[in-house]
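As structure tokens, the structure follows; a few thoughts come after it.
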Amino acid sequence: MTGGGQLEERIAQWREFVSRRDAIARDVDELESHLRDQIDGLQASGLAPDEAFLIAVKRMGRLDELSKEFAREHSERLWKQLVMPDAAPQASDPRSLWLALGLAVGAALAVRLAAVLLPGGATGALINASVLVLPFLAIHFLVRRRASAVTTVAVLVPFAITAVVLNAYPFAPDGMTQALSAMHAVVAMWLVVGIAYAGGDWRSGRARMDFIRFSGEWLVYYALIALGGAVITAITLGVFGSIGIDAQPFVGEWLLPCGAAGAVLIAAWLVEAKQSVVENIAPVLTKVFTPLFTLLLLALIGAWIVQGVTASSEGTIVVFGERDLLIIFDVTVIFALALLLYSLSARDPLQPPGWFDRLQIVLLASVLVVDVLVLVSMVGRIAEYGSSPNKLASLGLNVILLVNLVGATWLQARFVFGRERFAALESWQTAFLPVYLAWTAIVVAIFPVIFGYV
Amino acid sequence: MRIGKDLVAAVATPLVLGILAEGESYGYAILQRVSELSDGELEWSDGMLYPLLHRLERLGYVEASWGMSPTGRRRRHYRLSAGGHAAIADQRRQWEVVSDALKRVWDDRGSARVALAWAA
């Protein structure tokens with residue numbers, strides 16, 4: 001074998017070895033190019049090929065340190081704790097499973113106890129869902145990240161305040177503001193969990209993007225667990241029904257609430273432990289649903305135009321007038337934004353813009369149109385029927401989303417035309433997390449006071 | 001003399017930006033230039049340059065593209081962007097303050113010691 005052939009073989013072996021590191025794998029071309037430059041340089045100064053190879057590899061640096069450094073810069077490629085031995089205990093650590101299981105049981109018991117002890121019974125537990133379940137998730141991250149005392153307090157105090165607000169406010173029974181408070185508390189507390197997730201480093205855009213990615217993947221796992229849970233529930237009901245035992249009370253009082261609460265923790269553990277499974281699903285999911293959802297939105301706008309024209313010829317515009325319809329459109333806008341966020345978080349920031357980024361402009365532009373339409377008819381409804389907590393909560397959310405969408409569309413277009421860096425898109429979205437937290441906190445704590453707890 | 005790890009890490013960014021301000025370059029050549037500028041005193045493992053370059057790219061200080069070496073090998077080239085020029089100016093001001101302060105404190109102490117020696 002010639003010297004050159006042997007060198008090629010060694011470089012190929014080195015390449016294969018380095019590629020096993022997830023953090024480096026995508027940059028192995030660049031590193032190989034460097035290795036070859038270095039070998040050429042050393043050979044030019046008189047070294048034999050194999051000597052040059054050994055020195056070049058040695059100079060490249062220790063693989064552990066190198067992959068740590070790559071991981072620090074490219075956290076989207078893998079979870080930091082999987083590669084950094086000195087950061088949080090590894091997810092594969094059996095203790096992390098026991099921690100998650102213990103907290104899942106805790107969350108399940110908390111929900112069950114609340115349903116028994118709270119004056120509202122099951123409804124009371126549902127209203128308090130955010131402060132019954134999510135603290136366990138927060139504790140999970142506080143323990144895993146070995147959070148400082150300051151972070152621990154900063155995470156647990158909002159939970160305490162929310163618990164007080166939800167239970168001590170003199171809400172009217174089955175009132176609008178109570179439902180609004182309870183719903184917004186879930187979002188607010190989820191964002192507070194994000195502070196624990198970031199280990200207190202909530203100012204970092206990277207940490208926020210990691211949390212967004214975590215949220216998306218958590219949702220995927222939760223949905224999978226829920227599907228399995230539905231099957232088990234159906235089987236339980238059917239099997240016991242066939243032998244004449246009514247399992248309904250057990251399912252309603254234990255299986256469903258405890259399962260739903262515990263699954264929150266288990267899904268979170270799965271996201272971190274089985275990272276590589278979902279890592280491959282995430283880009284596929286966004287690539288499948290973004291085009292479909294864009295089509296849906298375009299069809300919606302088209303239908304609105306057609307129907308709007310026919311309706312106005314008859315003198316009345318019906319679309320967007322109904323309250324139920326408005327809520328559906330709200331959900332549509334939120335879902336589109338979630339889809340966008342999820343695909344941003346799963347994207348390699350250094351990739352040049354491609355077809356998918358162009359498609360996202362279409363998605364964004366059509367959501368923007370839908371949001372403006374919703375907003376216009378909402379203002380119309382408020383002018384016509386007066387305001388209510390529901391309408392104002394919805395209006396505020398839509399205004400925030402509108403600002404977000406206008407900025408996102410503009411940045412996306414600039415990015416596709418090569419005038420903007422991808423990082424600007426990310427920081428625009430991550431900057432909104434505190435805005436969402438502030439708005440939901442206002443709806444949770446201040447709306448009931450303003451509207452007299454109706 | 002061995003330059004401390006933290007100092008190497010601190011100086012790497014302004015140095016790499018400065019080298020790219022001289023013109024478009026690529027990984028191996030950048031490291032050669034670092035070695036040349038510091039008479040071989042300033043060194044870090046070759047691989048570490050790349051996460052740094054990627055960070056500069058993400059921050060918008062440099063732009064990168066795949067090109068060809070004269071021998072026909074694929075090679076990633078880096079050049080300074082407008083943002084990078086601004087970053088250099090900023091880094092430069094910071095380092096001037098630091099180096100002035102160090103120079104002053106060491107020179108003053110030197111002359112103070114001389115004065116003491118005279119008094120004794």
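Numbering starts fresh at 1 for the residues of each chain in the structure tokens, the chains themselves are lettered A, B, ... in the order given, and ligands are numbered from 1 as they appear.
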| query | Neighbours of segment 5-16 of chain B within 7 Å (only C-alpha atoms; same-chain residues fewer than 3 positions away dropped), as a ChimeraX atom specification? | reply | /B:19-20,88,91
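Residues in contact with Glu43 of chain B at 12 Å, where only C-alpha atoms are counted and same-chain residues fewer than 5 positions away are skipped, are listed as Arg59, Met60 and Gly61 of chain A; Met1, Arg2, Ile3, Gly4, Lys5, Leu7, Val8, Ala9, Val11, Ala12, Leu15, Ile30, Leu31, Gln32, Arg33, Val34, Ser35, Glu36, Leu37, Ser38, Met48 and Leu49 of chain B.
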Would you write out those residues with N, CA and C atoms, as a tab-separated table (two decimals), in the first residue's frame?
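File produced: out-v7.tsv:
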chain	number	residue	atom	x	y	z
A	59	ARG	N	-2.93	18.04	17.40
A	59	ARG	CA	-3.15	19.49	17.49
A	59	ARG	C	-4.63	19.85	17.43
A	60	MET	N	-5.42	18.97	16.86
A	60	MET	CA	-6.85	19.25	16.76
A	60	MET	C	-7.47	19.39	18.15
A	61	GLY	N	-6.86	18.75	19.12
A	61	GLY	CA	-7.35	18.88	20.50
A	61	GLY	C	-8.06	17.64	20.96
B	1	MET	N	7.37	30.74	28.13
B	1	MET	CA	6.21	31.35	28.80
B	1	MET	C	4.92	30.69	28.30
B	2	ARG	N	4.03	30.39	29.24
B	2	ARG	CA	2.74	29.82	28.84
B	2	ARG	C	1.65	30.81	29.19
B	3	ILE	N	0.86	31.16	28.18
B	3	ILE	CA	-0.21	32.12	28.44
B	3	ILE	C	-1.43	31.38	28.98
B	4	GLY	N	-2.01	31.91	30.05
B	4	GLY	CA	-3.12	31.24	30.75
B	4	GLY	C	-4.32	30.99	29.85
B	5	LYS	N	-5.08	29.95	30.20
B	5	LYS	CA	-6.22	29.51	29.40
B	5	LYS	C	-7.28	30.61	29.26
B	7	LEU	N	-6.93	33.85	29.55
B	7	LEU	CA	-6.47	34.96	28.73
B	7	LEU	C	-6.53	34.59	27.26
B	8	VAL	N	-6.14	33.36	26.94
B	8	VAL	CA	-6.22	32.91	25.54
B	8	VAL	C	-7.67	32.99	25.06
B	9	ALA	N	-8.59	32.52	25.92
B	9	ALA	CA	-10.00	32.53	25.53
B	9	ALA	C	-10.47	33.96	25.29
B	11	VAL	N	-8.71	36.60	24.44
B	11	VAL	CA	-8.05	37.31	23.35
B	11	VAL	C	-8.42	36.70	21.99
B	12	ALA	N	-8.95	35.48	22.01
B	12	ALA	CA	-9.19	34.77	20.75
B	12	ALA	C	-10.15	35.53	19.83
B	15	LEU	N	-8.68	38.72	18.29
B	15	LEU	CA	-7.56	38.37	17.41
B	15	LEU	C	-8.07	37.79	16.10
B	30	ILE	N	-5.84	30.99	9.46
B	30	ILE	CA	-6.06	31.87	10.60
B	30	ILE	C	-5.14	31.46	11.75
B	31	LEU	N	-5.06	30.15	11.99
B	31	LEU	CA	-4.21	29.67	13.09
B	31	LEU	C	-2.74	29.92	12.80
B	32	GLN	N	-2.33	29.77	11.52
B	32	GLN	CA	-0.96	30.07	11.14
B	32	GLN	C	-0.63	31.52	11.47
B	33	ARG	N	-1.60	32.39	11.15
B	33	ARG	CA	-1.41	33.83	11.35
B	33	ARG	C	-1.35	34.15	12.86
B	34	VAL	N	-2.16	33.47	13.66
B	34	VAL	CA	-2.12	33.69	15.11
B	34	VAL	C	-0.73	33.35	15.62
B	35	SER	N	-0.23	32.22	15.17
B	35	SER	CA	1.08	31.77	15.61
B	35	SER	C	2.16	32.77	15.17
B	36	GLU	N	2.02	33.26	13.94
B	36	GLU	CA	2.99	34.20	13.38
B	36	GLU	C	2.98	35.51	14.18
B	37	LEU	N	1.76	36.03	14.47
B	37	LEU	CA	1.62	37.32	15.15
B	37	LEU	C	2.14	37.26	16.58
B	38	SER	N	2.02	36.08	17.22
B	38	SER	CA	2.41	36.00	18.63
B	38	SER	C	3.74	35.29	18.78
B	48	MET	N	-10.67	24.00	18.41
B	48	MET	CA	-11.40	25.02	19.17
B	48	MET	C	-11.70	26.26	18.34
B	49	LEU	N	-10.94	26.47	17.28
B	49	LEU	CA	-11.17	27.65	16.45
B	49	LEU	C	-12.58	27.61	15.84
Select from chain B every residue with an atom at most 7 Å from any atom of chain A, then for each give the shortest pair of atoms and their distance in Å to one decimal, using only C-alpha atoms, rows by chain and rising number, as JSON lines.
{"residue": "B:Gly27", "atom": "CA", "partner": "A:His34", "partner_atom": "CA", "distance": 6.5}
{"residue": "B:Tyr28", "atom": "CA", "partner": "A:His34", "partner_atom": "CA", "distance": 5.7}
{"residue": "B:Ser45", "atom": "CA", "partner": "A:Gly61", "partner_atom": "CA", "distance": 4.7}
{"residue": "B:Asp46", "atom": "CA", "partner": "A:Met60", "partner_atom": "CA", "distance": 4.4}
{"residue": "B:Gly47", "atom": "CA", "partner": "A:Met60", "partner_atom": "CA", "distance": 4.7}
{"residue": "B:Met48", "atom": "CA", "partner": "A:Leu66", "partner_atom": "CA", "distance": 6.2}
{"residue": "B:Pro51", "atom": "CA", "partner": "A:Phe70", "partner_atom": "CA", "distance": 5.3}
{"residue": "B:Arg55", "atom": "CA", "partner": "A:Glu73", "partner_atom": "CA", "distance": 6.3}
{"residue": "B:Arg58", "atom": "CA", "partner": "A:Ala423", "partner_atom": "CA", "distance": 6.5}
{"residue": "B:Gly60", "atom": "CA", "partner": "A:Arg421", "partner_atom": "CA", "distance": 6.7}
{"residue": "B:Arg74", "atom": "CA", "partner": "A:Ser33", "partner_atom": "CA", "distance": 6.9}
{"residue": "B:Arg75", "atom": "CA", "partner": "A:Ser33", "partner_atom": "CA", "distance": 6.1}
{"residue": "B:Arg76", "atom": "CA", "partner": "A:Glu30", "partner_atom": "CA", "distance": 6.6}
Write the residues of the selection above to a file with N, CA and C atoms, as a PDB file, in the first residue's frame.
ATOM      1  N   GLY B  27      -9.740  28.416   8.220  1.00  0.00           N
ATOM      2  CA  GLY B  27      -9.287  27.937   9.518  1.00  0.00           C
ATOM      3  C   GLY B  27      -7.794  27.774   9.687  1.00  0.00           C
ATOM      4  N   TYR B  28      -7.194  26.962   8.847  1.00  0.00           N
ATOM      5  CA  TYR B  28      -5.778  26.658   9.009  1.00  0.00           C
ATOM      6  C   TYR B  28      -4.944  27.936   8.897  1.00  0.00           C
ATOM      7  N   SER B  45      -5.814  24.522  20.944  1.00  0.00           N
ATOM      8  CA  SER B  45      -5.948  23.370  20.052  1.00  0.00           C
ATOM      9  C   SER B  45      -6.751  23.769  18.818  1.00  0.00           C
ATOM     10  N   ASP B  46      -6.315  23.248  17.677  1.00  0.00           N
ATOM     11  CA  ASP B  46      -6.845  23.678  16.387  1.00  0.00           C
ATOM     12  C   ASP B  46      -8.364  23.633  16.325  1.00  0.00           C
ATOM     13  N   GLY B  47      -8.931  22.530  16.815  1.00  0.00           N
ATOM     14  CA  GLY B  47     -10.373  22.322  16.692  1.00  0.00           C
ATOM     15  C   GLY B  47     -11.177  23.433  17.325  1.00  0.00           C
ATOM     16  N   MET B  48     -10.666  23.998  18.414  1.00  0.00           N
ATOM     17  CA  MET B  48     -11.403  25.017  19.168  1.00  0.00           C
ATOM     18  C   MET B  48     -11.704  26.263  18.342  1.00  0.00           C
ATOM     19  N   PRO B  51     -15.688  26.206  16.748  1.00  0.00           N
ATOM     20  CA  PRO B  51     -16.847  26.712  17.509  1.00  0.00           C
ATOM     21  C   PRO B  51     -16.807  28.235  17.624  1.00  0.00           C
ATOM     22  N   ARG B  55     -19.582  30.817  16.286  1.00  0.00           N
ATOM     23  CA  ARG B  55     -20.236  31.785  17.159  1.00  0.00           C
ATOM     24  C   ARG B  55     -20.205  33.174  16.513  1.00  0.00           C
ATOM     25  N   ARG B  58     -22.786  33.277  13.916  1.00  0.00           N
ATOM     26  CA  ARG B  58     -24.141  33.422  14.459  1.00  0.00           C
ATOM     27  C   ARG B  58     -24.392  34.857  14.908  1.00  0.00           C
ATOM     28  N   GLY B  60     -23.240  37.348  13.565  1.00  0.00           N
ATOM     29  CA  GLY B  60     -23.273  38.203  12.389  1.00  0.00           C
ATOM     30  C   GLY B  60     -21.999  38.994  12.169  1.00  0.00           C
ATOM     31  N   ARG B  74     -12.383  21.091  -0.934  1.00  0.00           N
ATOM     32  CA  ARG B  74     -13.407  21.969  -0.375  1.00  0.00           C
ATOM     33  C   ARG B  74     -12.882  22.629   0.899  1.00  0.00           C
ATOM     34  N   ARG B  75     -13.192  23.908   1.036  1.00  0.00           N
ATOM     35  CA  ARG B  75     -12.644  24.635   2.174  1.00  0.00           C
ATOM     36  C   ARG B  75     -13.647  25.734   2.531  1.00  0.00           C
ATOM     37  N   ARG B  76     -13.834  25.954   3.823  1.00  0.00           N
ATOM     38  CA  ARG B  76     -14.807  26.960   4.240  1.00  0.00           C
ATOM     39  C   ARG B  76     -14.083  28.281   4.487  1.00  0.00           C
TER      40      ARG B  76
END
| query | as a PyMOL selection string, which residues of segment 125-351 of chain A does DSSP assign to helix (DSSP H, G or I)? | reply | chain A and resi 125-127+129-144+149-168+176-197+205-242+248-273+275-314+323-345
| field | Shell of 9 Å around Gly238 of chain A, only C-alpha atoms, local chain residues under 5 positions omitted, as a list in words | value | Thr233, Ile243 and Ala247 of chain A
| When you draw a straight line from atom CA of Ala431 of chain A to atom CA of Trp410 of chain A, how long is it in Å? | 15.8 Å
| message | For the strand (DSSP E) assignment from backbone DSSP, which residues of chain B qualify? Please present them as number ranges by chain. | response | B: 25-26, 62-68, 74-80
Would you save the residues of that selection, restricted to C-alpha atoms, as a short mmCIF file (atom, residue, chain, number, x, y, z; two decimals), in the first residue's frame?
data_model
loop_
_atom_site.label_atom_id
_atom_site.label_comp_id
_atom_site.auth_asym_id
_atom_site.auth_seq_id
_atom_site.Cartn_x
_atom_site.Cartn_y
_atom_site.Cartn_z
CA SER B 25 -9.30 33.57 5.27
CA TYR B 26 -9.89 29.98 6.39
CA VAL B 62 -18.41 37.07 9.91
CA GLU B 63 -19.87 35.43 6.82
CA ALA B 64 -18.86 31.98 5.69
CA SER B 65 -19.06 30.10 2.43
CA TRP B 66 -17.67 26.90 1.00
CA GLY B 67 -14.97 27.45 -1.59
CA MET B 68 -12.09 25.60 -3.17
CA ARG B 74 -13.41 21.97 -0.38
CA ARG B 75 -12.64 24.64 2.17
CA ARG B 76 -14.81 26.96 4.24
CA HIS B 77 -13.87 30.61 3.85
CA TYR B 78 -14.65 33.31 6.37
CA ARG B 79 -14.86 37.05 5.78
CA LEU B 80 -15.70 39.97 7.98
#
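Here the question is which of A:Tyr221, A:Leu363, A:Leu433, A:Gln248 gets nearest to Phe289 of chain A using only C-alpha atoms, and that residue is A:Leu363.
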